[in-house]
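Visitor: Pasting my_file-v6.cif here (mmCIF, C-alpha atoms and all ligand atoms):
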data_query
#
loop_
_atom_site.label_atom_id
_atom_site.label_comp_id
_atom_site.auth_asym_id
_atom_site.auth_seq_id
_atom_site.Cartn_x
_atom_site.Cartn_y
_atom_site.Cartn_z
CA MET S 92 -10.52 23.02 5.51
CA ARG S 93 -8.85 20.50 7.75
CA VAL S 94 -8.13 17.04 6.54
CA PRO S 95 -7.79 14.92 9.68
CA ARG S 96 -4.50 13.24 10.39
CA GLU S 97 -6.04 10.03 11.66
CA ARG S 98 -5.70 7.09 9.35
CA VAL S 99 -8.96 6.11 7.73
CA ILE S 100 -7.35 3.11 6.13
CA THR S 101 -6.03 0.94 8.89
CA ASP S 102 -5.04 -2.05 6.82
CA LEU S 103 -2.44 -0.47 4.56
CA LYS S 104 -1.15 -3.81 3.37
CA SER S 105 -4.54 -4.89 2.08
CA ARG S 106 -4.63 -5.45 -1.67
CA ARG S 107 -8.21 -4.20 -1.67
CA PHE S 108 -6.71 -0.78 -2.18
CA MET S 109 -4.91 0.33 -5.29
CA LEU S 110 -1.41 1.57 -4.63
CA VAL S 111 0.39 4.44 -6.35
CA GLY S 112 4.17 4.73 -6.04
CA VAL S 113 6.06 8.04 -5.84
CA VAL S 114 9.36 7.47 -7.64
CA GLY S 115 12.26 9.39 -9.14
CA LYS S 116 15.96 10.13 -8.78
CA PRO S 117 17.17 11.34 -5.35
CA ASN S 118 16.48 14.81 -3.95
CA VAL S 119 13.68 15.81 -6.34
CA GLY S 120 10.99 16.17 -3.67
CA LYS S 121 9.36 12.72 -3.54
CA SER S 122 9.03 12.76 0.24
CA THR S 123 7.83 16.37 0.16
CA PHE S 124 5.14 15.35 -2.35
CA PHE S 125 4.25 12.34 -0.19
CA SER S 126 4.17 14.35 3.02
CA ALA S 127 2.04 17.07 1.41
CA ALA S 128 -0.40 14.43 0.17
CA THR S 129 -0.58 12.39 3.37
CA LEU S 130 0.38 14.90 6.09
CA LYS S 131 2.68 12.21 7.39
CA ASP S 132 5.91 13.54 8.86
CA VAL S 133 8.76 11.92 6.97
CA PRO S 134 12.40 12.96 6.63
CA ILE S 135 12.93 15.66 3.97
CA ALA S 136 16.37 17.17 3.25
CA ASP S 137 18.33 18.78 0.45
CA TYR S 138 20.74 15.90 -0.13
CA PRO S 139 20.35 12.52 -1.89
CA PHE S 140 19.15 9.33 -0.19
CA THR S 141 17.28 10.97 2.65
CA THR S 142 14.68 8.24 2.28
CA ILE S 143 15.88 4.69 2.66
CA GLN S 144 12.91 2.70 3.91
CA PRO S 145 9.64 3.21 2.03
CA ASN S 146 6.92 5.39 3.56
CA VAL S 147 3.35 4.20 3.10
CA GLY S 148 0.48 6.55 3.80
CA VAL S 149 -3.02 7.69 3.04
CA ALA S 150 -3.67 10.42 0.50
CA TYR S 151 -7.05 11.55 -0.78
CA LEU S 152 -8.72 11.36 -4.12
CA ARG S 153 -10.79 14.44 -4.82
CA THR S 154 -14.09 14.04 -6.65
CA LYS S 155 -17.56 15.55 -6.83
CA CYS S 156 -19.81 13.90 -4.25
CA VAL S 157 -23.27 12.59 -5.15
CA CYS S 158 -24.90 14.27 -2.13
CA LYS S 159 -26.06 17.42 -3.97
CA GLU S 160 -27.38 15.49 -6.95
CA MET S 161 -29.36 13.23 -4.58
CA GLY S 162 -30.56 16.19 -2.51
CA VAL S 163 -29.25 14.85 0.81
CA VAL S 164 -26.96 16.04 3.54
CA ASP S 165 -24.39 13.29 3.93
CA ASN S 166 -22.59 11.93 6.94
CA PRO S 167 -19.41 10.31 5.59
CA HIS S 168 -17.64 7.60 7.51
CA ASN S 169 -14.69 6.27 5.48
CA SER S 170 -14.12 9.54 3.61
CA LEU S 171 -14.78 13.26 3.90
CA CYS S 172 -17.19 15.62 2.18
CA VAL S 173 -16.38 19.33 1.99
CA ASN S 174 -19.17 21.38 0.41
CA GLY S 175 -19.99 18.66 -2.10
CA THR S 176 -16.38 17.59 -2.72
CA ARG S 177 -15.59 14.03 -1.58
CA LEU S 178 -12.11 13.22 -0.38
CA ILE S 179 -11.61 9.48 -0.48
CA PRO S 180 -8.61 7.69 1.05
CA VAL S 181 -6.11 6.08 -1.29
CA LYS S 182 -2.73 4.52 -0.69
CA LEU S 183 0.59 6.08 -1.62
CA VAL S 184 4.15 4.79 -1.20
CA ASP S 185 7.25 7.01 -1.19
CA VAL S 186 10.47 5.18 -1.92
CA ALA S 187 14.22 5.73 -2.01
CA GLY S 188 15.72 7.65 -4.93
CA LEU S 189 16.97 5.79 -7.96
CA VAL S 190 20.25 6.49 -9.75
CA GLU S 191 21.73 5.26 -12.98
CA GLY S 192 23.13 1.78 -12.39
CA ALA S 193 20.61 1.00 -9.61
CA SER S 194 19.62 -2.21 -11.37
CA LYS S 195 23.26 -3.27 -10.93
CA GLY S 196 23.37 -2.24 -7.27
CA LYS S 197 24.46 1.42 -7.47
CA GLY S 198 23.07 3.87 -4.89
CA LEU S 199 20.54 1.93 -2.87
CA GLY S 200 20.29 -0.55 -5.72
CA ASN S 201 17.34 -2.85 -6.12
CA GLN S 202 15.86 -1.97 -2.75
CA PHE S 203 13.85 0.83 -4.36
CA LEU S 204 12.64 -1.40 -7.15
CA ASP S 205 11.50 -4.02 -4.67
CA ASP S 206 9.48 -1.40 -2.84
CA ILE S 207 7.36 -0.48 -5.84
CA ARG S 208 6.65 -4.02 -7.04
CA GLN S 209 3.08 -3.85 -5.79
CA ALA S 210 2.35 -0.38 -7.20
CA ASP S 211 -0.46 -0.19 -9.75
CA ALA S 212 0.74 3.14 -11.16
CA LEU S 213 3.64 5.52 -10.65
CA ILE S 214 3.98 9.25 -10.15
CA GLN S 215 7.48 10.09 -11.28
CA VAL S 216 8.66 13.21 -9.46
CA VAL S 217 11.16 15.24 -11.46
CA ASP S 218 13.13 18.29 -10.33
CA ALA S 219 11.92 20.55 -13.12
CA SER S 220 14.09 23.42 -11.88
CA GLY S 221 17.24 21.54 -12.88
CA SER S 222 18.90 22.22 -9.52
CA THR S 223 19.99 18.62 -8.87
CA ASP S 224 22.32 16.52 -11.02
CA LEU S 225 21.65 12.99 -12.28
CA GLU S 226 22.54 11.58 -8.86
CA GLY S 227 20.55 14.17 -6.92
CA ARG S 228 23.43 16.39 -5.78
CA LYS S 229 22.70 20.11 -5.57
CA VAL S 230 23.79 22.16 -8.59
CA PRO S 231 22.90 25.75 -9.60
CA PRO S 232 19.22 26.01 -10.67
CA GLY S 233 18.80 25.51 -14.39
CA SER S 234 22.18 23.82 -14.87
CA HIS S 235 20.89 20.24 -15.12
CA ASP S 236 18.55 19.06 -17.85
CA PRO S 237 15.69 17.12 -16.18
CA VAL S 238 14.38 15.62 -19.43
CA GLY S 239 16.90 12.78 -19.33
CA ASP S 240 16.01 11.97 -15.71
CA VAL S 241 12.63 10.59 -16.73
CA SER S 242 14.03 8.09 -19.20
CA MET S 243 16.85 7.17 -16.80
CA VAL S 244 14.34 6.06 -14.16
CA GLU S 245 12.25 4.15 -16.68
CA HIS S 246 15.32 2.49 -18.14
CA GLU S 247 16.60 1.35 -14.75
CA PHE S 248 13.24 -0.21 -14.04
CA ASP S 249 13.40 -1.99 -17.39
CA LEU S 250 16.96 -3.23 -16.80
CA TRP S 251 15.90 -4.61 -13.44
CA MET S 252 12.92 -6.48 -14.91
CA PHE S 253 15.08 -7.66 -17.80
CA GLY S 254 17.68 -8.99 -15.34
CA LEU S 255 14.97 -10.83 -13.43
CA LEU S 256 13.88 -12.67 -16.57
CA LYS S 257 17.32 -13.12 -18.08
CA ARG S 258 18.80 -14.84 -15.03
CA ASP S 259 17.54 -18.32 -15.99
CA TRP S 260 16.27 -17.52 -19.49
CA GLU S 261 18.32 -20.01 -21.54
CA LYS S 262 17.70 -22.91 -19.20
CA ALA S 263 14.02 -22.13 -18.63
CA THR S 264 13.11 -21.60 -22.29
CA ARG S 265 14.96 -24.78 -23.39
CA SER S 266 13.11 -26.77 -20.78
CA LEU S 267 9.75 -25.21 -21.79
CA GLU S 268 10.30 -26.24 -25.40
CA GLN S 269 11.26 -29.78 -24.39
CA THR S 270 8.32 -30.29 -22.07
CA GLY S 271 5.69 -28.36 -24.05
CA GLY S 272 5.45 -25.71 -21.30
CA LYS S 273 3.94 -22.30 -21.99
CA ILE S 274 6.15 -19.21 -22.10
CA VAL S 275 3.25 -16.92 -21.15
CA GLU S 276 2.70 -18.92 -17.96
CA HIS S 277 6.42 -18.87 -17.22
CA LEU S 278 6.64 -15.08 -17.65
CA ALA S 279 3.49 -14.46 -15.63
CA ALA S 280 4.84 -16.62 -12.78
CA LYS S 281 8.19 -14.81 -12.86
CA LEU S 282 6.51 -11.38 -12.77
CA SER S 283 3.60 -12.14 -10.46
CA GLY S 284 5.36 -10.33 -7.59
CA LEU S 285 5.21 -7.16 -9.69
CA SER S 286 1.41 -7.28 -9.97
CA VAL S 287 1.72 -8.53 -13.56
CA THR S 288 -1.02 -11.00 -14.51
CA PHE S 289 -1.27 -13.80 -17.08
CA ALA S 290 -3.62 -11.60 -19.13
CA ASP S 291 -1.09 -8.73 -19.09
CA VAL S 292 1.70 -10.99 -20.38
CA GLU S 293 -0.57 -12.50 -23.02
CA GLN S 294 -1.56 -9.06 -24.26
CA VAL S 295 2.05 -7.87 -24.58
CA VAL S 296 3.26 -11.07 -26.27
CA LEU S 297 0.42 -10.87 -28.81
CA HIS S 298 1.01 -7.18 -29.42
CA LEU S 299 4.70 -7.76 -30.14
CA HIS S 300 4.06 -10.90 -32.26
CA LEU S 301 6.59 -12.85 -30.21
CA ARG S 302 6.95 -16.54 -31.10
CA THR S 303 5.39 -18.29 -28.13
CA GLU S 304 6.23 -21.77 -29.46
CA LYS S 305 9.95 -20.96 -29.67
CA PRO S 306 11.06 -18.67 -26.85
CA THR S 307 14.68 -19.85 -27.29
CA SER S 308 14.64 -17.79 -30.50
CA TRP S 309 13.80 -14.50 -28.74
CA THR S 310 16.67 -12.06 -28.95
CA ASP S 311 17.72 -9.82 -26.06
CA ASP S 312 16.16 -6.90 -27.95
CA GLN S 313 12.85 -8.72 -28.12
CA LEU S 314 12.97 -9.59 -24.44
CA MET S 315 13.71 -5.93 -23.68
CA GLN S 316 10.76 -4.85 -25.87
CA PHE S 317 8.60 -7.24 -23.88
CA VAL S 318 9.83 -5.65 -20.65
CA VAL S 319 9.22 -2.08 -21.86
CA GLU S 320 5.68 -2.84 -23.00
CA THR S 321 4.92 -4.77 -19.81
CA ARG S 322 6.08 -1.81 -17.72
CA LYS S 323 3.93 0.61 -19.73
CA LEU S 324 0.89 -1.64 -19.32
CA THR S 325 1.27 -2.60 -15.68
CA LYS S 326 3.02 0.43 -14.20
CA PRO S 327 1.51 3.36 -16.11
CA SER S 328 3.07 6.63 -15.03
CA LEU S 329 2.85 10.40 -15.16
CA VAL S 330 5.43 13.08 -14.47
CA ALA S 331 5.06 15.50 -11.55
CA ALA S 332 7.31 18.38 -12.68
CA ASN S 333 8.23 19.47 -9.17
CA LYS S 334 9.82 22.65 -7.79
CA ALA S 335 7.65 24.50 -10.31
CA ASP S 336 7.86 27.54 -8.02
CA LEU S 337 11.49 28.09 -9.07
CA PRO S 338 11.84 30.30 -12.16
CA SER S 339 14.11 27.84 -14.01
CA SER S 340 11.25 25.32 -14.07
CA ILE S 341 9.00 27.14 -16.51
CA HIS S 342 11.08 26.41 -19.59
CA ASN S 343 11.75 22.80 -18.52
CA ILE S 344 8.07 22.05 -17.97
CA ASP S 345 7.43 22.76 -21.66
CA ARG S 346 10.40 20.62 -22.63
CA LEU S 347 9.17 17.76 -20.45
CA ARG S 348 5.78 18.05 -22.14
CA GLY S 349 7.59 17.71 -25.45
CA THR S 350 8.44 14.10 -24.54
CA ASN S 351 4.77 13.16 -25.00
CA ARG S 352 4.26 12.22 -21.41
CA GLU S 353 1.51 13.40 -19.08
CA VAL S 354 3.26 16.23 -17.22
CA ILE S 355 1.78 18.09 -14.25
CA PRO S 356 3.56 21.18 -12.92
CA CYS S 357 3.93 20.62 -9.20
CA ALA S 358 4.99 22.59 -6.15
CA SER S 359 5.06 20.04 -3.36
CA GLU S 360 6.62 22.37 -0.85
CA ALA S 361 3.83 24.89 -1.45
CA GLU S 362 1.20 22.17 -0.98
CA LEU S 363 2.83 21.08 2.27
CA LEU S 364 2.81 24.67 3.52
CA LEU S 365 -0.85 25.18 2.58
CA ARG S 366 -1.95 21.87 4.10
CA ARG S 367 -0.17 22.68 7.35
CA ALA S 368 -1.55 26.24 7.38
CA ALA S 369 -5.05 24.83 6.83
CA GLU S 370 -4.51 22.32 9.61
CA HIS S 371 -3.69 25.17 11.96
CA GLY S 372 -6.75 27.12 10.85
CA LEU S 373 -4.70 29.89 9.22
CA VAL S 374 -6.10 29.46 5.72
CA ASP S 375 -9.12 27.98 4.00
CA TYR S 376 -7.73 25.46 1.57
CA THR S 377 -8.92 22.05 0.41
CA PRO S 378 -6.32 19.97 -1.46
CA GLY S 379 -6.75 20.61 -5.15
CA ASP S 380 -8.19 24.11 -4.76
CA GLU S 381 -6.99 26.72 -7.25
CA LYS S 382 -6.84 29.40 -4.55
CA PHE S 383 -6.55 29.72 -0.80
CA PHE S 384 -7.93 32.33 1.58
CA VAL S 385 -6.09 33.71 4.56
CA ARG S 386 -8.56 33.74 7.46
CA GLU S 387 -7.17 36.50 9.66
CA PRO S 388 -4.19 38.16 7.96
CA HIS S 389 -3.32 40.22 11.05
CA LYS S 390 -2.69 37.03 13.04
CA LEU S 391 0.10 35.84 10.73
CA SER S 392 3.75 36.40 11.56
CA PRO S 393 5.74 38.31 8.90
CA ALA S 394 7.47 35.04 7.93
CA GLN S 395 4.13 33.23 7.50
CA SER S 396 2.74 36.14 5.54
CA ASN S 397 5.75 36.18 3.19
CA ALA S 398 5.68 32.43 2.67
CA LEU S 399 1.99 32.48 1.77
CA LYS S 400 2.50 35.44 -0.56
CA MET S 401 5.27 33.54 -2.36
CA VAL S 402 2.98 30.53 -2.78
CA ASP S 403 0.27 32.78 -4.16
CA ASP S 404 2.56 34.67 -6.58
CA ARG S 405 4.76 31.83 -7.79
CA VAL S 406 2.36 28.92 -7.72
CA MET S 407 -1.36 29.64 -7.44
CA LYS S 408 -1.43 32.63 -9.81
CA VAL S 409 0.79 30.85 -12.36
CA PHE S 410 -0.41 27.22 -12.25
CA HIS S 411 -3.85 27.55 -10.58
CA GLY S 412 -3.02 24.97 -7.96
CA THR S 413 -0.01 23.17 -6.54
CA GLY S 414 -0.45 20.13 -8.79
CA VAL S 415 -0.14 17.58 -5.98
CA GLN S 416 -3.84 16.72 -5.86
CA GLU S 417 -4.08 16.86 -9.64
CA ALA S 418 -1.26 14.33 -9.97
CA ILE S 419 -2.95 11.96 -7.52
CA ASN S 420 -6.33 12.34 -9.22
CA LYS S 421 -4.83 11.76 -12.65
CA ALA S 422 -2.91 8.70 -11.46
CA PHE S 423 -6.13 7.07 -10.28
CA PHE S 424 -8.75 8.39 -12.68
CA ASP S 425 -6.68 8.52 -15.90
CA LEU S 426 -3.87 5.98 -15.55
CA LEU S 427 -5.94 3.39 -13.68
CA SER S 428 -9.40 4.37 -15.00
CA ALA S 429 -10.57 4.27 -11.40
CA ILE S 430 -14.20 4.81 -10.48
CA VAL S 431 -15.83 5.88 -7.23
CA VAL S 432 -18.75 3.86 -5.93
CA PHE S 433 -21.04 4.58 -2.95
CA PRO S 434 -22.35 1.43 -1.22
CA VAL S 435 -25.42 1.83 1.03
CA GLU S 436 -27.59 -0.54 3.07
CA ASP S 437 -30.86 1.28 2.50
CA GLU S 438 -31.19 2.27 -1.15
CA THR S 439 -34.07 4.66 -0.56
CA LYS S 440 -32.64 6.61 2.38
CA LEU S 441 -29.03 6.12 1.11
CA THR S 442 -27.94 5.13 4.61
CA ASP S 443 -25.92 2.41 6.32
CA LYS S 444 -27.22 0.33 9.26
CA ASP S 445 -26.42 3.18 11.65
CA GLY S 446 -28.42 5.69 9.62
CA ARG S 447 -25.38 7.50 8.23
CA VAL S 448 -26.17 9.06 4.85
CA LEU S 449 -23.82 8.08 2.00
CA PRO S 450 -21.31 6.78 4.55
CA ASP S 451 -18.71 5.27 2.29
CA ALA S 452 -17.07 5.93 -1.03
CA PHE S 453 -14.79 3.31 -2.54
CA VAL S 454 -12.21 3.76 -5.24
CA MET S 455 -12.26 0.78 -7.58
CA LYS S 456 -10.51 -0.26 -10.76
CA GLY S 457 -12.35 0.58 -13.96
CA GLY S 458 -14.27 -2.48 -15.17
CA SER S 459 -15.06 -3.65 -11.61
CA THR S 460 -18.34 -5.50 -11.12
CA CYS S 461 -21.05 -5.60 -8.46
CA LEU S 462 -19.39 -8.72 -7.05
CA ASP S 463 -16.05 -6.88 -6.85
CA LEU S 464 -17.80 -4.16 -4.84
CA ALA S 465 -19.26 -6.77 -2.49
CA ARG S 466 -15.74 -8.18 -1.99
CA THR S 467 -14.42 -4.71 -1.27
CA VAL S 468 -17.08 -4.05 1.34
CA HIS S 469 -16.74 -7.46 3.01
CA SER S 470 -15.83 -10.97 1.89
CA GLU S 471 -18.97 -12.40 3.52
CA LEU S 472 -21.15 -10.10 1.41
CA ALA S 473 -19.51 -11.54 -1.67
CA GLU S 474 -19.92 -15.16 -0.56
CA GLY S 475 -23.68 -14.78 -0.17
CA PHE S 476 -24.11 -12.33 -3.08
CA LEU S 477 -27.62 -12.40 -4.57
CA TYR S 478 -27.89 -9.13 -6.53
CA ALA S 479 -27.29 -5.39 -6.24
CA ILE S 480 -29.82 -2.56 -6.43
CA ASP S 481 -29.08 0.68 -8.23
CA ALA S 482 -30.30 3.40 -5.83
CA ARG S 483 -31.04 5.83 -8.67
CA THR S 484 -33.22 3.53 -10.77
CA GLY S 485 -34.24 0.81 -8.28
CA LYS S 486 -33.12 -1.80 -10.84
CA ARG S 487 -31.60 -5.14 -9.84
CA LEU S 488 -28.08 -5.75 -11.10
CA ALA S 489 -26.32 -9.10 -11.51
CA ALA S 490 -22.94 -10.08 -10.02
CA ASP S 491 -21.09 -9.47 -13.29
CA HIS S 492 -22.71 -6.08 -13.98
CA ARG S 493 -19.97 -3.50 -14.57
CA LEU S 494 -20.02 -0.55 -12.25
CA SER S 495 -20.04 3.07 -13.43
CA ASN S 496 -18.40 6.04 -11.80
CA ARG S 497 -20.61 7.54 -9.06
CA ASP S 498 -22.88 4.50 -8.77
CA ILE S 499 -24.85 4.26 -5.52
CA LEU S 500 -25.61 0.61 -4.79
CA LYS S 501 -27.09 -1.70 -2.23
CA ILE S 502 -25.68 -5.22 -2.18
CA VAL S 503 -28.23 -7.89 -1.33
CA SER S 504 -26.61 -10.96 0.15
CA SER S 505 -27.74 -14.10 1.96
CA SER S 506 -24.91 -13.68 4.45
CA LYS S 507 -25.49 -12.13 7.89
CA ARG S 508 -24.00 -8.84 6.76
CA GLY S 509 -26.31 -8.56 3.75
N1 LIG L 601 11.69 24.98 -4.30
C1 LIG L 601 11.17 23.79 -4.02
N2 LIG L 601 11.89 22.90 -3.32
C2 LIG L 601 11.31 21.70 -3.04
C3 LIG L 601 10.00 21.35 -3.50
N3 LIG L 601 9.72 20.10 -3.09
C4 LIG L 601 10.81 19.67 -2.42
N4 LIG L 601 11.77 20.61 -2.37
C5 LIG L 601 13.08 20.53 -1.71
O1 LIG L 601 13.85 19.50 -2.31
C6 LIG L 601 14.70 18.87 -1.36
C7 LIG L 601 14.52 17.36 -1.42
O2 LIG L 601 13.25 17.02 -0.92
P1 LIG L 601 12.86 15.52 -0.51
O3 LIG L 601 11.38 15.49 -0.42
O4 LIG L 601 13.63 15.06 0.67
O5 LIG L 601 13.35 14.75 -1.82
P2 LIG L 601 13.35 13.17 -2.13
O6 LIG L 601 13.14 13.04 -3.59
O7 LIG L 601 12.41 12.45 -1.24
O8 LIG L 601 14.86 12.81 -1.77
P3 LIG L 601 15.51 11.35 -1.43
O9 LIG L 601 14.67 10.70 -0.38
O10 LIG L 601 16.85 11.72 -0.91
O11 LIG L 601 15.55 10.60 -2.70
C8 LIG L 601 14.34 19.47 0.00
O12 LIG L 601 15.27 20.48 0.30
C9 LIG L 601 12.95 20.07 -0.26
O13 LIG L 601 12.66 21.15 0.62
C10 LIG L 601 9.26 22.35 -4.23
O14 LIG L 601 8.11 22.16 -4.64
N5 LIG L 601 9.91 23.53 -4.46
MG MG L 602 12.75 11.01 0.16
#
Please lay out the structure from this file as structure tokens.
Guide:
Amino acid sequence: MRVPRERVITDLKSRRFMLVGVVGKPNVGKSTFFSAATLKDVPIADYPFTTIQPNVGVAYLRTKCVCKEMGVVDNPHNSLCVNGTRLIPVKLVDVAGLVEGASKGKGLGNQFLDDIRQADALIQVVDASGSTDLEGRKVPPGSHDPVGDVSMVEHEFDLWMFGLLKRDWEKATRSLEQTGGKIVEHLAAKLSGLSVTFADVEQVVLHLHLRTEKPTSWTDDQLMQFVVETRKLTKPSLVAANKADLPSSIHNIDRLRGTNREVIPCASEAELLLRRAAEHGLVDYTPGDEKFFVREPHKLSPAQSNALKMVDDRVMKVFHGTGVQEAINKAFFDLLSAIVVFPVEDETKLTDKDGRVLPDAFVMKGGSTCLDLARTVHSELAEGFLYAIDARTGKRLAADHRLSNRDILKIVSSSKRG
């Protein structure tokens, strides 16, 4: 099927949308993953530091639509529905590669780290085939061990956050103790640009039993522990074990799994090829499918035929998918406990004001409330919020009612848009 190229999210800077960052050392396939997921043309090349400025784009979350359950034929507006599978826009950012020493300015230095400050979760792309060294230079496949790459990237992130806090640590903590200031507030203010909240800091400090009344006593090790736990909490990540189509990857994928991280075998180049072939009507393929179908084999050139056969033999038959969509879905649904909610204006017909059936699907953070949904739809709806109606049960729900995955809701508001 064809996923349209037009942008369904126009306001990419809006914080209404969760953001997932695609990170990793140079030359592992981050931009290929990003391009496959967003169909945005971005520079891809087999040398390090191809990407310098971040690329932001729209990918899709794949989930079962509610149309079949509700017995309706839908007419989506902000998303797509393909035979009962909803594809909902989400935001992805592809950034420059990170090398050891980046936190001290090596490679492109802190630029990369700045670009993922706002990310809610990270997909760390790894060259599982071991055909790039620690700095992303080409080496014979299988000659580099990718296991260490994962911890290198995490450690650089930690060193950067540590440096941010350490810069004025002595002075700031002394002054807090003298004036009765709160260390949790200080840390939250320092890290607010990284989407770290007061509640996040409080949780980590409590968990580590750090002495809040005497921050001058914290050792560097304790501050580093704080940083590590804060990263894990606020930038949860998974590993996309990329270049899985290369034979040397198989063994490394198991070894990466041995590090107790969520690891998804990935073949970004294969996904890009399938998405482009689908766009040109050559194959039937919806992102996340386990198989693809060639429409008219006789119309393919020998090169196209060979490329598709390779994808089938080395990727689809081995891994049952390219892993790109799975990584995106897992980042949102597992790491961020995201839910999908369907707002409607008429809770009996499941339509919007233009009569479109199940027009919108929104991806929201787990734990979001009816009022959060109103805010997501429109700020005016939230200002005049009265109650919501559950389209399945007809029940009224209060502002603080927590939403469930696949809820279909009408927001009743005193504002004009209600
Ligand atoms: N075999 C194989 N090669 C891939 C795959 N994905 C990417 N590549 C190749 O890896 C090289 C690097 O790809 P990029 O997407 O530019 O990598 P990057 O991580 O964005 O690189 P920087 O921007 O330089 O950090 C290119 O030659 C890609 O064609 C894959 O799934 N399989
Ligand atoms: Mg790149």
Visitor: Please extract the residues at most 10 Å from ligand MG 602 (chain L), counting all atoms listed in the file, and provide them as a VMD selection string, using the chain letters and residue numbers of this document.
Guide: chain S and resid 113 to 126 133 to 146 185 to 188
Visitor: At a cut-off of 10 Å, using all atoms listed in the file, what residues contact Gln416 (chain S)? Leave out same-chain residues fewer than 5 positions from it and give the result as number ranges by chain.
Guide: S: 124, 127-128, 150-153, 357, 359, 362, 377-380, 421-422
Visitor: Return the single residue from S:Leu213, S:Leu285, S:Ile274, S:Leu110 that is closest to Glu304 (chain S), with distances computed using all atoms listed in the file.
Guide: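 Counting all atoms listed in the file, the residue closest to Glu304 (chain S) is S:Ile274.
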Visitor: Find the residue from S:Pro388, S:Pro167, S:Pro327, S:Pro356 that sits nearest to ligand LIG 601 (chain L); use all atoms listed in the file when measuring.
Guide: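 Answer, going by the shortest atom-to-atom distance: S:Pro356.
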Visitor: Please determine, counting all atoms listed in the file, which residue among S:Ser506, S:Ser459, S:Ser340, S:Thr439 has the shortest atom-to-atom distance to Val163 (chain S).
Guide: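 Distance minimum relative to Val163 (chain S) lands on S:Thr439.
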Visitor: Interatomic distance between CA of Leu130 (chain S) and CA of Ile355 (chain S)?
Guide: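 Calculated distance between CA of Leu130 (chain S) and CA of Ile355 (chain S) is 20.6 Å.
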Visitor: Just the number, please: distance in Å from atom C3 of ligand LIG 601 (chain L) to CA of Asp205 (chain S), one decimal.
Guide: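 These atoms are spaced 25.4 Å apart.
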Visitor: Please provide the set of residues having any atom within 9 Å of Phe289 (chain S), restricted to only C-alpha atoms, with same-chain residues fewer than 4 positions apart removed, written as a PyMOL selection string.
Guide: chain S and resi 275-276+278-280+283+293-294
Visitor: For Ser234 (chain S), list every protein, DNA or RNA residue within 12 Å, evaluated using all atoms listed in the file, and leave out those in the same chain fewer than 3 positions away; present the list as a PyMOL selection string.
Guide: chain S and resi 218-225+228-231+237+339-340+343
